[in-house]
Amino acid sequence: MSGKLQIDVLTLDSVQCAACGYMMESIAALPMEIQEIIEYKEWSIKNKEGIGKFIEMKGRVLPTIAIQGELLFESIIPQYEELIDAMADRAPTPELATRIRMLRDKGFDFDNLEANLARAESGMHTRREE
Amino acid sequence: MGKQDVIDAVKGLATQKVPWVPYSGVHSAFLIGEPADKFLKDPDLIAKGVIFAAERYKADGIPLLFDLTVEAISMGCDHKWWPDNPPSITGHPLDKKTLAESGLKVPGPKDGRWPIIIEAGKKVKAALPDVALYGILCGPLTLASHLRGVRIFTDVYKNKVLAKEIIDFCGEVAAEAARIYAEEIGCDVIAITDPVASQIKPETFLEFVTPATQPAVRAVKKAGKVSSFFICGDATKVLHEVATVGTDGFAIDEQLNLTYVRDVALMHGVGFGGNLKLTLALSLGLLSPREDAIVSLAAGGSTGFVFAPG
């Protein structure tokens with residue numbers, strides 16, 4: 001375990017599907033202080049790895065955001081504060097929870113969006129032949 | 001081909017034969033061996049691909065394009081082209097600016113990507129007189145997401161005045177897109193396509209999406225064409241709101257139960273479309289497309305039903 005908060009986004013394809021894209025963006029646009037304490041990845045069901053993850057997590061609908069393995073935002077794009085609260089509630093330590101809650105008023109930050117999406121491999125594993 | 005069946009079904013009427021509308025999108029580019037990015041920038045290639053797809057799949061109706069970035073790119077949104085997908089939006093002009101500060105204007109037929117689309121549409125229309133041509137436009141909430149980013153989903157709860165201003169503006173953009181498809185190209189069915197509208201609560205849909213959809217609905221009616229509301233994802237929680245949004249019909253994706261969708265549509269007297277499993281059957285082959293089609297056709301019946309990918 002890295003000690004970071006694990007976020008998994010189950011998608012059809014964040015490039016092709018607008019709802020999936022904005023689910024991914026809701027994580028990628030979290031402020032830098034949050035980016036430093038989370039690990040997140042897109043799991044597209046257009047490839048075997050993504051199908052395996054969907055089954056493993058007992059996914060029900062697409063898109064879905066799971067935090068620390070818990071399916072939380074199923075076909076509902078979260079508000080910023082909802083995301084912060086959901087992460088804080090599942091933080092592995094009280095210190096991390098406090099650190100996250102302190103950012104509740106900060107709001108989304110789009111300045112590093114593309115780099116953050118690339119880090120999460122968004123849109124990179126959505127081809128059937130992979 | 002069953003062009004009139006498509007029009008009747010979208011309006012919720014009984015049809016002799018269930019019409020079939022493959023949403024070919026950039027698959028039309030694949031069919032003619034061209035990358036999506038090149039295809040979408042060339043009216044001759046669009047026409048060639050769409051005509052080929054309509055004939056290849058014996059379509060009763062077919063979309064000219066299935067690309068929800070046309071309006072946003074025509075307004076100057078940053079974007080990325082892909083060889084095997086429609087473009088994606090990478091920058092949001094209303095991230096830090098207000099609508100007034102941004103200088104954004106409703107794009108008309110001479111702006112952005114529209115001239116290419118209009119030229120392609122006229123070619124397709126002339127070549128396929130017996131096929132219902134769909135004009136697929138970006139719905140107001142999805143367009144607002146392109147302009148404002150994911151922040152719009154917080155704004156609809158925390159910053160309602162700003163959200164309404166942006167989404168209503170997007171409704172005006174949608175109305176002009178509807179007019180272009182209906183009047184300038186002559187599309188038979190105008191689909192107001194708002195995939196992210198499934199990702200909000202029903203009361204939020206009624207507060208923002210329903211009113212912003214009305215200008216496009218009026219534009220379609222004024223042109224004497226029929227309208228549909230396309231939604232993606234698990235739209236179960238907003239399905240009654242979708243069915244009563246004011247369009248003649250609606251269409252859903254593979255995650256919904258078609259018998260439930262059918263009953264909601266029949267209850268409200270509107271048409272409905274779906275539900276061939278695009279991912280599980282057509283893309284991944286985990287289900288037999290043939291058997292999946294039979295299940296959809298059995299569930300859909302022949303009143304107001306357009307058989308299409310979900």
# chains A, B, ... in the order shown; residues from 1 in each chain; ligands from 1
$ interface_residues --of "chain B" --to "chain A" --cutoff "8 Å" --atoms "only C-alpha atoms" --output "VMD selection string"
chain B and resid 85 to 88 90 95 142 145 149 to 151 153 to 154 195 to 196 198 to 201 232 to 234 255 279 283 to 284
$ residues_around --residues "Arg262 of chain B" --least-positions-apart "5" --cutoff "12 Å" --atoms "only C-alpha atoms" --output "number ranges by chain"
B: 12, 239-240, 243, 249-252, 256-257, 267-275, 296-307
$ write_last_selection --atoms "N, CA and C atoms" --output "short mmCIF file (atom, residue, chain, number, x, y, z; two decimals), in the first residue's frame"
data_model
loop_
_atom_site.label_atom_id
_atom_site.label_comp_id
_atom_site.auth_asym_id
_atom_site.auth_seq_id
_atom_site.Cartn_x
_atom_site.Cartn_y
_atom_site.Cartn_z
N GLY B 12 -43.92 8.18 -31.75
CA GLY B 12 -44.69 7.32 -30.85
C GLY B 12 -45.80 6.55 -31.54
N LEU B 239 -35.81 9.07 -16.12
CA LEU B 239 -36.48 8.64 -17.36
C LEU B 239 -37.83 9.33 -17.58
N HIS B 240 -38.59 9.54 -16.51
CA HIS B 240 -39.87 10.24 -16.70
C HIS B 240 -39.63 11.69 -17.12
N ALA B 243 -38.81 11.58 -20.78
CA ALA B 243 -39.99 11.29 -21.60
C ALA B 243 -40.93 12.50 -21.72
N GLY B 249 -39.85 12.01 -29.06
CA GLY B 249 -39.43 10.71 -28.55
C GLY B 249 -38.12 10.85 -27.82
N PHE B 250 -37.56 9.70 -27.42
CA PHE B 250 -36.25 9.71 -26.76
C PHE B 250 -35.53 8.40 -27.06
N ALA B 251 -34.26 8.35 -26.76
CA ALA B 251 -33.49 7.12 -26.96
C ALA B 251 -32.50 6.98 -25.80
N ILE B 252 -32.23 5.74 -25.46
CA ILE B 252 -31.45 5.44 -24.25
C ILE B 252 -30.29 4.51 -24.59
N LEU B 256 -30.09 0.43 -19.71
CA LEU B 256 -31.48 0.47 -19.25
C LEU B 256 -32.25 -0.79 -19.67
N ASN B 257 -33.25 -1.08 -18.89
CA ASN B 257 -34.13 -2.21 -19.18
C ASN B 257 -35.17 -1.74 -20.19
N MET B 267 -46.60 5.22 -21.73
CA MET B 267 -47.37 5.99 -20.73
C MET B 267 -47.45 7.47 -21.14
N HIS B 268 -46.34 7.98 -21.69
CA HIS B 268 -46.30 9.40 -22.04
C HIS B 268 -46.60 9.66 -23.52
N GLY B 269 -46.86 8.60 -24.28
CA GLY B 269 -47.24 8.77 -25.69
C GLY B 269 -46.12 9.29 -26.58
N VAL B 270 -44.89 8.88 -26.28
CA VAL B 270 -43.74 9.32 -27.09
C VAL B 270 -43.01 8.09 -27.63
N GLY B 271 -42.17 8.31 -28.63
CA GLY B 271 -41.38 7.22 -29.19
C GLY B 271 -40.16 6.93 -28.33
N PHE B 272 -39.54 5.78 -28.58
CA PHE B 272 -38.34 5.42 -27.82
C PHE B 272 -37.41 4.60 -28.72
N GLY B 273 -36.13 4.68 -28.42
CA GLY B 273 -35.13 4.00 -29.25
C GLY B 273 -34.11 3.27 -28.41
N GLY B 274 -33.61 2.16 -28.91
CA GLY B 274 -32.60 1.35 -28.25
C GLY B 274 -32.73 -0.07 -28.73
N ASN B 275 -32.16 -1.03 -28.21
CA ASN B 275 -31.29 -1.03 -27.07
C ASN B 275 -30.26 -2.11 -27.29
N SER B 296 -34.21 -7.29 -27.92
CA SER B 296 -34.64 -5.89 -28.03
C SER B 296 -35.92 -5.78 -28.84
N LEU B 297 -35.97 -6.48 -29.95
CA LEU B 297 -37.15 -6.39 -30.82
C LEU B 297 -38.41 -6.94 -30.12
N ALA B 298 -38.20 -8.00 -29.34
CA ALA B 298 -39.34 -8.57 -28.62
C ALA B 298 -39.82 -7.60 -27.54
N ALA B 299 -38.89 -6.97 -26.88
CA ALA B 299 -39.26 -6.05 -25.80
C ALA B 299 -39.84 -4.75 -26.35
N GLY B 300 -39.30 -4.29 -27.46
CA GLY B 300 -39.69 -2.97 -27.97
C GLY B 300 -41.07 -2.93 -28.57
N GLY B 301 -41.48 -4.03 -29.22
CA GLY B 301 -42.78 -4.01 -29.89
C GLY B 301 -42.75 -3.16 -31.14
N SER B 302 -43.91 -2.78 -31.64
CA SER B 302 -43.94 -2.03 -32.90
C SER B 302 -44.76 -0.74 -32.78
N THR B 303 -44.86 -0.25 -31.57
CA THR B 303 -45.48 1.07 -31.40
C THR B 303 -44.45 2.04 -30.85
N GLY B 304 -44.07 2.98 -31.68
CA GLY B 304 -43.13 4.02 -31.23
C GLY B 304 -41.72 3.54 -31.00
N PHE B 305 -41.35 2.41 -31.57
CA PHE B 305 -40.03 1.85 -31.27
C PHE B 305 -39.09 1.95 -32.46
N VAL B 306 -37.94 2.56 -32.23
CA VAL B 306 -36.84 2.59 -33.20
C VAL B 306 -35.76 1.65 -32.69
N PHE B 307 -35.45 0.64 -33.47
CA PHE B 307 -34.39 -0.30 -33.08
C PHE B 307 -33.04 0.33 -33.44
#
$ atom_distance --atom1 "atom CA of Gly59 of chain A" --atom2 "atom CA of Leu280 of chain B"
14.5 Å
$ select_by_dssp --residues "chain A" --states "strand (DSSP E)" --output "number ranges by chain"
A: 5-11, 38-44, 64-67, 70-74
$ atom_distance --atom1 "atom CA of Lys225 of chain B" --atom2 "atom CA of Ala47 of chain B"
21.6 Å
$ select_by_dssp --residues "chain A" --states "helix (DSSP H, G or I)" --output "PyMOL selection string"
chain A and resi 18-28+32-35+48-56+80-89+94-101+113-119
